[in-house]
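Peer 1: Sharing query27.txt here; it has compact mmCIF, C-alpha atoms and all ligand atoms.
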```
# COMPACT_ATOMS: atom_id res chain seq x y z
CA MET A 10 -41.73 35.25 -4.68
CA LYS A 11 -43.94 32.37 -3.61
CA ASN A 12 -45.25 32.26 -7.15
CA ALA A 13 -41.78 32.03 -8.68
CA LEU A 14 -40.82 29.16 -6.36
CA ASP A 15 -44.06 27.44 -7.24
CA ARG A 16 -43.33 27.74 -10.93
CA ILE A 17 -39.84 26.32 -10.53
CA VAL A 18 -41.08 23.35 -8.50
CA ARG A 19 -43.77 22.65 -11.05
CA SER A 20 -41.50 23.06 -14.08
CA GLN A 21 -40.64 20.04 -16.20
CA VAL A 22 -36.91 20.37 -15.39
CA TRP A 23 -37.50 20.24 -11.64
CA ARG A 24 -39.92 17.36 -11.88
CA SER A 25 -37.56 15.39 -14.10
CA ILE A 26 -35.02 15.54 -11.25
CA PHE A 27 -37.30 15.26 -8.19
CA ARG A 28 -40.15 12.88 -8.93
CA HIS A 29 -42.24 13.76 -5.90
CA GLY A 30 -43.67 16.93 -4.38
CA LEU A 31 -42.22 18.78 -1.41
CA PRO A 32 -42.19 16.37 1.57
CA ASP A 33 -45.44 17.17 3.41
CA SER A 34 -46.77 13.70 4.18
CA ASN A 35 -45.17 10.52 5.51
CA ARG A 36 -45.40 9.05 2.04
CA SER A 37 -43.58 11.92 0.33
CA ARG A 38 -41.01 12.01 3.14
CA ALA A 39 -40.18 8.37 2.45
CA GLU A 40 -40.11 9.09 -1.30
CA THR A 41 -37.66 11.93 -0.73
CA VAL A 42 -35.24 9.43 0.80
CA PHE A 43 -35.44 6.54 -1.60
CA TYR A 44 -35.79 8.48 -4.87
CA ASN A 45 -32.59 10.44 -4.14
CA PHE A 46 -29.27 8.88 -5.09
CA PHE A 47 -27.42 10.34 -2.14
CA LEU A 48 -30.11 9.61 0.41
CA HIS A 49 -31.25 6.21 -0.88
CA LEU A 50 -28.66 4.48 1.30
CA HIS A 51 -30.62 5.60 4.36
CA PRO A 52 -33.19 3.34 5.86
CA THR A 53 -36.54 5.14 5.65
CA LYS A 54 -36.82 4.83 9.43
CA VAL A 55 -33.96 4.92 11.95
CA ARG A 56 -34.08 3.91 15.62
CA LYS A 57 -33.65 6.81 18.00
CA ARG A 58 -31.00 4.85 19.93
CA SER A 59 -28.71 4.51 16.94
CA ILE A 60 -28.60 8.24 16.17
CA LYS A 61 -27.53 9.04 19.71
CA PHE A 62 -24.07 10.63 19.36
CA THR A 63 -22.53 8.72 22.25
CA TYR A 64 -23.46 5.41 20.63
CA THR A 65 -21.27 5.81 17.52
CA TRP A 66 -19.23 8.88 18.52
CA GLY A 67 -19.41 9.72 14.81
CA LEU A 68 -16.15 7.85 14.30
CA GLY A 69 -17.03 6.13 11.02
CA GLY A 70 -18.40 9.36 9.58
CA MET A 71 -15.31 11.29 10.62
CA SER A 72 -13.07 8.61 9.05
CA PHE A 73 -15.00 9.04 5.80
CA GLY A 74 -14.75 12.84 6.08
CA LEU A 75 -10.98 12.53 6.40
CA PHE A 76 -10.89 10.26 3.38
CA ILE A 77 -12.65 12.99 1.38
CA VAL A 78 -10.10 15.54 2.66
CA LEU A 79 -7.31 13.16 1.55
CA VAL A 80 -8.82 12.66 -1.91
CA VAL A 81 -9.12 16.42 -2.47
CA THR A 82 -5.68 17.37 -1.08
CA GLY A 83 -4.09 14.30 -2.72
CA ALA A 84 -5.50 15.17 -6.16
CA LEU A 85 -4.15 18.73 -5.74
CA LEU A 86 -0.69 17.45 -4.68
CA MET A 87 -0.63 15.26 -7.79
CA LEU A 88 -0.57 18.39 -9.95
CA TYR A 89 2.96 19.28 -8.80
CA TYR A 90 4.33 15.93 -7.72
CA ARG A 91 6.14 13.76 -10.29
CA PRO A 92 7.02 10.21 -9.17
CA SER A 93 10.58 9.91 -10.49
CA VAL A 94 13.86 9.60 -8.63
CA PRO A 95 15.45 12.86 -9.82
CA GLN A 96 12.24 14.87 -9.33
CA ALA A 97 10.14 13.53 -6.45
CA TYR A 98 12.15 15.06 -3.60
CA TRP A 99 12.54 18.45 -5.32
CA ASP A 100 8.86 18.54 -6.20
CA MET A 101 8.14 18.15 -2.49
CA LYS A 102 10.50 21.04 -1.75
CA ASP A 103 8.78 23.10 -4.45
CA LEU A 104 5.42 22.32 -2.89
CA GLN A 105 6.76 23.59 0.41
CA PHE A 106 8.62 26.69 -0.69
CA VAL A 107 7.41 27.78 -4.13
CA VAL A 108 3.79 26.74 -4.65
CA SER A 109 1.11 28.97 -3.07
CA SER A 110 -0.46 27.14 -0.10
CA GLY A 111 1.66 24.10 -0.99
CA THR A 112 2.95 23.64 2.56
CA PHE A 113 -0.60 23.92 3.85
CA LEU A 114 -1.87 21.28 1.42
CA ARG A 115 0.97 18.90 2.13
CA ASN A 116 0.55 19.27 5.87
CA MET A 117 -3.19 18.84 5.57
CA HIS A 118 -2.68 15.62 3.59
CA ARG A 119 -0.18 14.36 6.14
CA TRP A 120 -2.18 15.22 9.27
CA ALA A 121 -5.41 13.91 7.78
CA ALA A 122 -3.59 10.65 6.95
CA HIS A 123 -2.38 10.21 10.53
CA ALA A 124 -5.81 11.14 11.89
CA MET A 125 -7.57 8.74 9.55
CA VAL A 126 -5.48 5.79 10.73
CA ALA A 127 -6.22 6.73 14.36
CA LEU A 128 -9.96 7.28 13.81
CA VAL A 129 -10.49 4.09 11.82
CA PHE A 130 -8.86 2.23 14.70
CA LEU A 131 -11.05 4.00 17.30
CA HIS A 132 -14.12 3.26 15.16
CA MET A 133 -13.16 -0.41 15.23
CA LEU A 134 -12.85 -0.27 19.02
CA ARG A 135 -16.30 1.33 19.30
CA VAL A 136 -17.85 -1.39 17.12
CA PHE A 137 -16.14 -3.99 19.28
CA TYR A 138 -17.30 -2.54 22.61
CA THR A 139 -20.92 -2.08 21.47
CA GLY A 140 -20.89 -5.68 20.19
CA SER A 141 -21.91 -4.48 16.75
CA TYR A 142 -19.92 -7.25 15.04
CA LYS A 143 -22.57 -9.81 16.05
CA PRO A 144 -25.05 -11.39 13.57
CA PRO A 145 -26.39 -10.19 11.20
CA LYS A 146 -23.44 -7.78 10.93
CA GLU A 147 -20.53 -10.28 10.93
CA PHE A 148 -19.73 -9.68 7.28
CA ASN A 149 -19.66 -5.92 7.71
CA TRP A 150 -17.11 -6.41 10.49
CA VAL A 151 -14.98 -8.35 8.01
CA ILE A 152 -15.30 -5.55 5.43
CA GLY A 153 -14.33 -3.13 8.21
CA VAL A 154 -11.19 -5.09 9.01
CA VAL A 155 -10.23 -5.04 5.32
CA LEU A 156 -10.90 -1.28 5.23
CA PHE A 157 -8.57 -0.85 8.21
CA VAL A 158 -5.82 -2.75 6.38
CA VAL A 159 -6.50 -0.67 3.23
CA THR A 160 -6.12 2.54 5.28
CA ILE A 161 -2.77 1.36 6.64
CA LEU A 162 -1.64 0.42 3.13
CA LEU A 163 -2.61 3.88 1.80
CA SER A 164 -0.58 5.46 4.55
CA TYR A 165 2.37 3.15 3.93
CA THR A 166 2.45 3.59 0.13
CA GLY A 167 2.17 7.39 0.53
CA TYR A 168 5.14 7.34 2.88
CA LEU A 169 7.58 6.47 0.05
CA LEU A 170 6.49 9.34 -2.20
CA PRO A 171 8.51 12.25 -0.66
CA TRP A 172 11.62 10.14 -1.47
CA ASP A 173 13.63 11.33 1.53
CA GLN A 174 15.73 9.28 3.96
CA LEU A 175 12.74 8.33 6.12
CA SER A 176 10.76 7.18 3.08
CA PHE A 177 13.61 5.22 1.59
CA TRP A 178 14.58 3.30 4.72
CA GLY A 179 10.99 2.90 5.86
CA ILE A 180 10.12 1.13 2.63
CA SER A 181 13.44 -0.79 2.56
CA VAL A 182 12.82 -2.21 6.03
CA GLY A 183 9.11 -2.89 5.35
CA THR A 184 9.63 -4.70 2.08
CA ASN A 185 12.53 -6.68 3.54
CA MET A 186 10.08 -8.14 6.05
CA ILE A 187 8.20 -9.70 3.11
CA HIS A 188 11.30 -11.81 2.37
CA ALA A 189 10.62 -13.71 5.60
CA MET A 190 7.68 -15.52 3.92
CA PRO A 191 8.73 -19.12 3.25
CA PHE A 192 9.28 -21.14 0.05
CA GLY A 193 10.53 -18.18 -1.97
CA VAL A 194 6.98 -16.72 -2.01
CA GLY A 195 8.18 -13.66 -0.08
CA ASP A 196 11.09 -13.07 -2.47
CA LYS A 197 8.72 -13.18 -5.46
CA ILE A 198 6.15 -10.83 -3.86
CA ALA A 199 8.83 -8.34 -2.82
CA PHE A 200 10.30 -8.43 -6.35
CA LEU A 201 6.91 -7.74 -7.95
CA LEU A 202 6.06 -5.01 -5.44
CA LEU A 203 9.36 -3.17 -5.95
CA GLY A 204 9.71 -4.01 -9.63
CA GLY A 205 13.28 -5.07 -8.86
CA ASN A 206 15.62 -6.00 -6.02
CA ILE A 207 16.12 -2.54 -4.57
CA VAL A 208 13.93 0.44 -3.69
CA GLY A 209 14.48 2.44 -6.88
CA GLU A 210 12.67 4.09 -9.77
CA ASN A 211 10.34 1.14 -10.40
CA ALA A 212 9.40 0.92 -6.74
CA LEU A 213 8.59 4.64 -6.61
CA VAL A 214 6.28 4.47 -9.63
CA ARG A 215 4.60 1.29 -8.38
CA PHE A 216 3.93 2.79 -4.96
CA TYR A 217 2.62 5.96 -6.65
CA VAL A 218 0.13 4.01 -8.77
CA LEU A 219 -0.94 1.96 -5.75
CA HIS A 220 -1.27 5.07 -3.58
CA CYS A 221 -3.10 7.35 -6.00
CA PHE A 222 -5.18 4.88 -7.98
CA VAL A 223 -5.40 1.20 -7.08
CA ILE A 224 -5.88 1.36 -3.30
CA PRO A 225 -8.25 4.39 -3.32
CA VAL A 226 -10.49 2.59 -5.86
CA VAL A 227 -10.53 -0.54 -3.68
CA ALA A 228 -11.28 1.64 -0.64
CA ILE A 229 -14.18 3.43 -2.36
CA VAL A 230 -15.80 0.17 -3.50
CA LEU A 231 -15.46 -1.36 -0.02
CA MET A 232 -16.81 1.81 1.63
CA ALA A 233 -19.86 1.77 -0.64
CA ILE A 234 -20.66 -1.80 0.41
CA HIS A 235 -19.85 -1.01 4.05
CA PHE A 236 -22.22 2.00 4.21
CA TRP A 237 -24.98 0.23 2.31
CA ARG A 238 -24.92 -2.66 4.76
CA VAL A 239 -24.79 -0.34 7.77
CA ARG A 240 -27.94 1.36 6.58
CA LYS A 241 -29.84 -1.77 5.63
CA ASP A 242 -29.09 -3.05 9.14
CA GLY A 243 -30.79 0.03 10.59
CA GLY A 244 -27.72 2.12 11.44
CA VAL A 245 -27.29 5.82 10.64
CA MET B 9 -40.44 -50.24 -14.97
CA ASP B 10 -43.06 -48.42 -16.93
CA ASP B 11 -42.48 -46.06 -19.81
CA LYS B 12 -42.86 -42.89 -17.85
CA GLU B 13 -40.14 -43.69 -15.34
CA GLU B 14 -37.70 -44.70 -18.04
CA LYS B 15 -38.12 -41.41 -19.83
CA HIS B 16 -37.54 -39.55 -16.60
CA SER B 17 -34.19 -41.17 -15.78
CA LYS B 18 -33.05 -40.70 -19.35
CA GLU B 19 -33.61 -36.97 -19.09
CA GLU B 20 -31.67 -36.79 -15.88
CA ASN B 21 -28.56 -38.44 -17.33
CA ALA B 22 -28.48 -36.60 -20.62
CA MET B 23 -26.79 -33.24 -20.67
CA SER B 24 -29.30 -30.50 -21.30
CA ARG B 25 -28.63 -27.87 -23.97
CA ARG B 26 -28.59 -25.17 -21.32
CA TYR B 27 -26.06 -27.02 -19.15
CA PHE B 28 -23.83 -27.67 -22.16
CA LEU B 29 -23.83 -23.99 -23.13
CA GLU B 30 -23.12 -23.00 -19.54
CA ILE B 31 -20.06 -25.25 -19.46
CA VAL B 32 -18.78 -23.93 -22.80
CA GLY B 33 -19.43 -20.29 -21.91
CA GLY B 34 -18.13 -20.57 -18.35
CA GLY B 35 -15.06 -22.44 -19.59
CA ALA B 36 -14.30 -19.69 -22.12
CA VAL B 37 -14.61 -16.97 -19.48
CA LEU B 38 -12.44 -18.94 -17.05
CA THR B 39 -9.76 -19.56 -19.71
CA ALA B 40 -9.70 -15.86 -20.58
CA ALA B 41 -9.49 -14.89 -16.89
CA VAL B 42 -6.61 -17.29 -16.14
CA GLY B 43 -4.82 -16.19 -19.33
CA SER B 44 -5.15 -12.51 -18.42
CA ALA B 45 -3.90 -13.19 -14.89
CA VAL B 46 -0.80 -14.95 -16.27
CA VAL B 47 -0.11 -12.18 -18.82
CA ILE B 48 -0.53 -9.45 -16.18
CA GLY B 49 1.73 -11.40 -13.82
CA GLN B 50 4.43 -11.51 -16.50
CA TYR B 51 3.93 -7.82 -17.27
CA LEU B 52 4.48 -6.94 -13.59
CA SER B 53 7.84 -8.72 -13.52
CA PRO B 54 10.42 -6.51 -15.25
CA ASN B 55 12.78 -8.19 -17.74
CA VAL B 56 15.50 -5.54 -17.68
CA LEU B 57 16.63 -4.04 -14.38
CA ARG B 58 18.50 -0.76 -14.40
CA GLU B 59 20.13 -1.44 -11.06
CA PRO B 60 23.85 -1.08 -10.14
CA ALA B 61 25.92 -3.99 -11.53
CA LEU B 62 26.80 -6.68 -8.99
CA ARG B 63 30.44 -6.73 -10.18
CA PHE B 64 32.21 -3.42 -9.76
CA LYS B 65 35.62 -1.75 -9.42
CA ALA B 66 36.24 -0.58 -5.86
CA GLY B 67 39.40 1.45 -6.49
CA LEU B 68 43.21 1.12 -6.60
CA ILE B 69 44.77 -0.80 -3.73
CA GLU B 70 47.05 2.08 -2.76
CA ASN B 71 43.94 4.15 -1.95
CA PHE B 72 43.29 1.92 1.05
CA SER B 73 45.65 2.33 4.03
CA ALA B 74 46.62 -0.66 6.18
CA ASP B 75 44.18 -1.55 8.96
CA SER B 76 41.28 0.42 7.44
CA ILE B 77 37.62 -0.17 6.76
CA THR B 78 36.01 1.87 3.94
CA LEU B 79 32.33 2.04 3.04
CA ASP B 80 31.38 2.17 -0.64
CA LYS B 81 27.99 3.90 -0.22
CA GLU B 82 26.84 3.33 -3.78
CA GLN B 83 27.50 -0.41 -3.65
CA LYS B 84 26.77 -0.89 0.06
CA VAL B 85 30.02 -2.81 0.63
CA PHE B 86 32.87 -2.43 3.14
CA ILE B 87 36.38 -2.78 1.74
CA VAL B 88 38.51 -3.96 4.67
CA ARG B 89 42.29 -3.83 4.51
CA GLY B 90 43.99 -5.71 7.32
CA LYS B 91 47.24 -4.87 9.12
CA GLU B 92 49.26 -7.36 7.06
CA GLY B 93 48.01 -5.93 3.76
CA TYR B 94 45.29 -8.45 2.92
CA PHE B 95 41.79 -7.42 1.67
CA TYR B 96 38.28 -8.65 2.05
CA ALA B 97 34.90 -7.20 1.04
CA MET B 98 31.97 -7.39 3.39
CA SER B 99 28.34 -6.47 2.80
CA ALA B 100 27.18 -3.28 4.57
CA VAL B 101 23.53 -4.34 4.30
CA CYS B 102 22.31 -5.26 7.79
CA THR B 103 21.11 -8.88 7.88
CA HIS B 104 18.16 -7.83 10.02
CA LEU B 105 15.99 -5.76 7.65
CA GLY B 106 18.40 -4.22 5.18
CA CYS B 107 19.53 -0.83 6.48
CA ILE B 108 23.12 0.28 5.80
CA ALA B 109 25.41 -0.33 8.76
CA ASN B 110 28.31 2.03 9.52
CA TRP B 111 31.81 1.50 10.86
CA LYS B 112 32.18 3.16 14.30
CA PRO B 113 35.93 3.49 14.91
CA GLU B 114 35.40 4.72 18.50
CA ASP B 115 33.61 1.48 19.48
CA GLY B 116 35.37 -0.77 16.98
CA VAL B 117 32.05 -2.11 15.66
CA VAL B 118 29.89 -1.94 12.55
CA ALA B 119 26.60 -0.54 13.86
CA CYS B 120 23.17 -0.40 12.22
CA PRO B 121 21.14 2.79 12.83
CA CYS B 122 17.73 1.13 12.38
CA HIS B 123 17.29 -1.30 15.28
CA GLY B 124 20.71 -1.34 16.90
CA SER B 125 22.42 -4.44 15.50
CA LYS B 126 26.21 -4.51 15.97
CA PHE B 127 28.84 -6.53 14.10
CA ASN B 128 32.57 -6.85 14.66
CA LYS B 129 35.19 -6.08 12.01
CA GLU B 130 34.94 -9.68 10.76
CA GLY B 131 31.20 -9.19 10.24
CA ASN B 132 29.99 -11.45 13.06
CA VAL B 133 26.94 -10.38 15.08
CA VAL B 134 27.84 -9.06 18.53
CA ASP B 135 24.53 -7.43 19.46
CA GLY B 136 20.98 -6.73 18.36
CA PRO B 137 18.31 -8.46 16.29
CA ALA B 138 20.45 -9.35 13.24
CA PRO B 139 20.18 -13.12 12.70
CA ARG B 140 23.31 -13.72 10.56
CA SER B 141 26.79 -12.32 10.12
CA LEU B 142 27.48 -9.97 7.22
CA PRO B 143 28.29 -11.97 4.07
CA ARG B 144 31.71 -11.63 2.36
CA PHE B 145 32.08 -11.11 -1.37
CA SER B 146 34.83 -12.23 -3.70
CA VAL B 147 37.62 -9.69 -4.28
CA THR B 148 40.13 -9.95 -7.11
CA LEU B 149 42.79 -7.69 -8.57
CA ASP B 150 42.71 -6.63 -12.24
CA GLU B 151 45.70 -5.68 -14.44
CA GLN B 152 45.54 -1.99 -13.48
CA GLY B 153 45.78 -2.78 -9.76
CA GLN B 154 42.06 -2.16 -9.20
CA LEU B 155 40.12 -4.16 -6.66
CA VAL B 156 37.17 -5.89 -8.32
CA VAL B 157 34.32 -6.96 -6.05
CA ASP B 158 31.67 -9.42 -7.21
CA LYS B 159 28.56 -9.36 -5.04
CA SER B 160 27.12 -12.40 -6.80
CA VAL B 161 29.95 -14.56 -5.40
CA ILE B 162 29.72 -15.08 -1.63
CA VAL B 163 32.90 -16.40 -0.02
CA GLY B 164 33.82 -17.74 3.41
CA GLU B 165 35.85 -15.97 6.07
CA ASP B 166 38.97 -17.89 5.05
CA VAL B 167 39.05 -16.35 1.57
CA ILE B 168 41.12 -13.17 1.57
CA LEU B 169 43.09 -11.31 -1.08
CA LYS B 170 46.78 -11.17 -0.21
CA VAL B 171 48.80 -8.36 -1.82
C1 LIG C 301 -7.35 9.30 -3.62
C2 LIG C 301 -6.72 9.54 -2.54
C3 LIG C 301 -5.28 10.02 -2.42
C4 LIG C 301 -4.45 10.63 -3.35
C5 LIG C 301 -4.77 11.00 -4.78
C6 LIG C 301 -3.17 10.83 -2.68
C7 LIG C 301 -2.05 11.43 -3.27
C8 LIG C 301 -0.83 11.63 -2.65
C9 LIG C 301 0.32 12.25 -3.25
C10 LIG C 301 0.41 12.80 -4.68
C11 LIG C 301 1.32 12.26 -2.33
C12 LIG C 301 2.74 12.80 -2.52
C13 LIG C 301 2.87 14.18 -1.98
C14 LIG C 301 3.18 14.15 -0.52
O1 LIG C 301 3.98 13.29 -0.10
O2 LIG C 301 2.66 15.00 0.22
C15 LIG C 301 0.80 11.64 -1.12
C16 LIG C 301 1.50 11.46 0.05
C17 LIG C 301 1.04 10.81 1.20
N1 LIG C 301 -0.22 10.23 1.34
FE1 LIG C 301 -1.73 10.34 -0.03
N2 LIG C 301 -3.26 10.36 -1.41
C18 LIG C 301 -4.54 9.84 -1.20
C19 LIG C 301 -5.04 9.26 -0.06
C20 LIG C 301 -4.32 9.00 1.10
C21 LIG C 301 -4.84 8.32 2.27
C22 LIG C 301 -6.29 7.81 2.44
C23 LIG C 301 -3.80 8.25 3.17
C24 LIG C 301 -3.73 7.64 4.56
C25 LIG C 301 -4.68 7.20 5.29
C26 LIG C 301 -2.64 8.90 2.58
C27 LIG C 301 -1.39 9.04 3.16
C28 LIG C 301 -0.29 9.69 2.63
C29 LIG C 301 0.98 9.93 3.32
C30 LIG C 301 1.32 9.49 4.75
C31 LIG C 301 1.79 10.64 2.42
C32 LIG C 301 3.21 11.18 2.70
C33 LIG C 301 3.01 12.65 3.06
C34 LIG C 301 4.26 13.46 3.35
O3 LIG C 301 5.35 12.91 3.48
O4 LIG C 301 4.10 14.71 3.47
N3 LIG C 301 -2.99 9.34 1.30
N4 LIG C 301 -0.51 11.25 -1.36
S1 LIG C 302 17.90 -3.26 9.89
FE1 LIG C 302 19.75 -3.25 11.00
S2 LIG C 302 19.05 -3.59 12.98
FE2 LIG C 302 17.18 -3.70 11.87
```
What would the structure in this file look like if it were written as structure tokens?

Peer 2:
Amino acid sequence: MKNALDRIVRSQVWRSIFRHGLPDSNRSRAETVFYNFFLHLHPTKVRKRSIKFTYTWGLGGMSFGLFIVLVVTGALLMLYYRPSVPQAYWDMKDLQFVVSSGTFLRNMHRWAAHAMVALVFLHMLRVFYTGSYKPPKEFNWVIGVVLFVVTILLSYTGYLLPWDQLSFWGISVGTNMIHAMPFGVGDKIAFLLLGGNIVGENALVRFYVLHCFVIPVVAIVLMAIHFWRVRKDGGV
Amino acid sequence: MDDKEEKHSKEENAMSRRYFLEIVGGGAVLTAAVGSAVVIGQYLSPNVLREPALRFKAGLIENFSADSITLDKEQKVFIVRGKEGYFYAMSAVCTHLGCIANWKPEDGVVACPCHGSKFNKEGNVVDGPAPRSLPRFSVTLDEQGQLVVDKSVIVGEDVILKV
């Protein structure tokens, strides 16, 4: 048994993936962290104080966990959901009553979305109360604020997709607020966002593309920068 | 001024090859970026809208009884027929944030379900956050006795259709 493991670890395939031996010295422990794509974001040393649970309450990590849940459930919902006026609402009904575990997936997506908005907000409060927005982390605070807005926008664009009365009037009222911007700027933005003057087919497709592609990509890029900076500043 | 100094200042004023290429290259990239932004902006703005026409037939006049207020849900317009037989058309889109307001005969008001704005039968605000009264649209009669409403023509309260 020991022999077999030894042979695997010493094989060319293994060593082409892991370029160092099993971590048995401080040097190889450090190598384990910065030669691994998933671990390389970590600082090689972390202060004991910053891994204390009651310092961060794990809020950022839980927000990210929920985002992963939303990506997985969202991608699965996309398989049955078609963003068109005659179909969207009935596809939601199908998901609830015809598709196996459809109700569960939809509810999971919905609850995770609500929870993510709440947790991102609590995470922001924690950062504020521990004074973690102070130099040299000012810019990461700014990225965090943008991530909060992005989370709200994901939630808002998803809200139109079921195409029921709540969706329709929620988006009508929200996009009408844009018209309040002066000098005709608001009218133009609302027109481009809806692809017309009313919440109709074009608006549904635009919100779908924003919800399932554009905003998630923006969120992922911002999160990558956010986490990288957290770690370089000595956080977990 | 000796030779050396003169040469130095000359070099400073002349544009270096590298700087020249940077300007040309950077300019090309910038032009392409601005061009793409303009083209994408145009692409995002639809040229043909498949939305309900602004001018529409609301129905035959005999379908509306005297002293009635009827909501055309599709067009979001109230057709109001007064006691003395005159007509006017009033928008049903709340001037606050665009929900559809409903006629409440028991209270004698047009009420919005979203944030509680109320309007009287003439369309003037009586309560709530709505900033303006409901606009009136032009109403005409065609040869078949159909009411024709044109939402692109906004008229004052004094313009009514007498029949
Ligand atoms: C890549 C990530 C995501 C994908 C592919 C995705 C996909 C979808 C799809 C296809 C729907 C329509 C089906 C439905 O309404 O249940 C939907 C709805 C929704 N999404 Fe997402 N989503 C993603 C991320 C998010 C995030 C991060 C949030 C919020 C923080 C969110 C909030 C919502 C909400 C509130 C709805 C309406 C749910 C309902 O009415 O049941 N989504 N999403
Ligand atoms: S939209 Fe009618 S009161 Fe707000």

Peer 1: What's the separation between atom CA of Asp15 of chain A and atom CA of Leu50 of chain A, in Å to one decimal place?

Peer 2: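 Atom CA of Leu50 of chain A lies at a distance of 28.9 Å from atom CA of Asp15 of chain A.
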
Peer 1: Counting all atoms listed in the file, what residues are within 6 Å of ligand LIG 302 (chain C), given as a VMD selection string?

Peer 2: chain B and resid 102 104 to 107 120 122 to 125 137 to 138

Peer 1: Export, as a compact mmCIF listing (two decimals), in the frame of the given file, the selected residues with C-alpha atoms.

Peer 2:
```txt
# COMPACT_ATOMS: atom_id res chain seq x y z
CA CYS B 102 22.31 -5.26 7.79
CA HIS B 104 18.16 -7.83 10.02
CA LEU B 105 15.99 -5.76 7.65
CA GLY B 106 18.40 -4.22 5.18
CA CYS B 107 19.53 -0.83 6.48
CA CYS B 120 23.17 -0.40 12.22
CA CYS B 122 17.73 1.13 12.38
CA HIS B 123 17.29 -1.30 15.28
CA GLY B 124 20.71 -1.34 16.90
CA SER B 125 22.42 -4.44 15.50
CA PRO B 137 18.31 -8.46 16.29
CA ALA B 138 20.45 -9.35 13.24
```

Peer 1: Counting only C-alpha atoms and all ligand atoms, which protein, DNA or RNA residues come within 6 Å of ligand LIG 301 (chain C), given as a VMD selection string?

Peer 2: chain A and resid 76 79 to 80 83 to 84 86 to 87 90 115 119 122 125 to 126 160 163 to 164 167 to 168 170 to 171 221 225

Peer 1: For chain B against chain A, which residues fall within 10 Å using all atoms listed in the file, given as a ChimeraX atom specification?

Peer 2: /B:49-60,103-108,122

Peer 1: Do you have the atom CA of Asp115 of chain B-atom CA of Asn128 of chain B distance handy?

Peer 2: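 Between atom CA of Asp115 of chain B and atom CA of Asn128 of chain B the gap works out to 9.7 Å.
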
Peer 1: Interatomic distance between atom CA of Ser59 of chain A and atom CA of Ser141 of chain A?

Peer 2: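 For atom CA of Ser59 of chain A relative to atom CA of Ser141 of chain A, the distance reads 11.3 Å.
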
Peer 1: With 5 Å on each side, where is the centre of the axis-aligned box around all listed atoms of segment 95-106 of chain B, and how long are its edges in Å to one decimal, as lines of an AutoDock Vina configuration file?

Peer 2:
```
center_x = 28.9
center_y = -6.1
center_z = 5.5
size_x = 35.8
size_y = 15.6
size_z = 19.0
```

Peer 1: Env of Glu151 of chain B: 12 Å cut, atoms = only C-alpha atoms, seq-sep filter 4 positions within chain, self excluded. Answer as a PDB file with C-alpha atoms, keeping the file's coordinate frame.

Peer 2:
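Resulting contents of out-v4.pdb:
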```pdb
ATOM      1  CA  LYS B  65      35.620  -1.750  -9.420  1.00  0.00           C
ATOM      2  CA  LEU B  68      43.210   1.120  -6.600  1.00  0.00           C
ATOM      3  CA  ILE B  69      44.770  -0.800  -3.730  1.00  0.00           C
ATOM      4  CA  LEU B 155      40.120  -4.160  -6.660  1.00  0.00           C
ATOM      5  CA  VAL B 156      37.170  -5.890  -8.320  1.00  0.00           C
TER       6      VAL B 156
END
```

Peer 1: For Phe86 of chain B, which of B:Ala74, B:Gly43, B:Lys170, B:Leu142 is the closest residue, counting all atoms listed in the file?

Peer 2: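 Ranking B:Ala74, B:Gly43, B:Lys170, B:Leu142 by distance to Phe86 of chain B, first place goes to B:Leu142.
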
Peer 1: When you look at Tyr96 of chain B with a cut-off of 7 Å (counting only C-alpha atoms), what residues show up, excluding the ones that are within fewer than 6 positions of it in the same chain? I need them as a VMD selection string.

Peer 2: chain B and resid 87 to 89 147 168 to 169

Peer 1: Which protein, DNA or RNA residues have an atom at most 12 Å from (38.3, 5.6, -4.6), counting all atoms listed in the file? List them as a ChimeraX atom specification.

Peer 2: /B:65-73,78-82,87,154-155

Peer 1: In the coordinates of the file, take the point (7.6, 24.4, -1.0) and a cut-off of 12 Å; then, counting all atoms listed in the file, name each qualifying protein, DNA or RNA residue as a PyMOL selection string.

Peer 2: chain A and resi 86+89-90+98-116
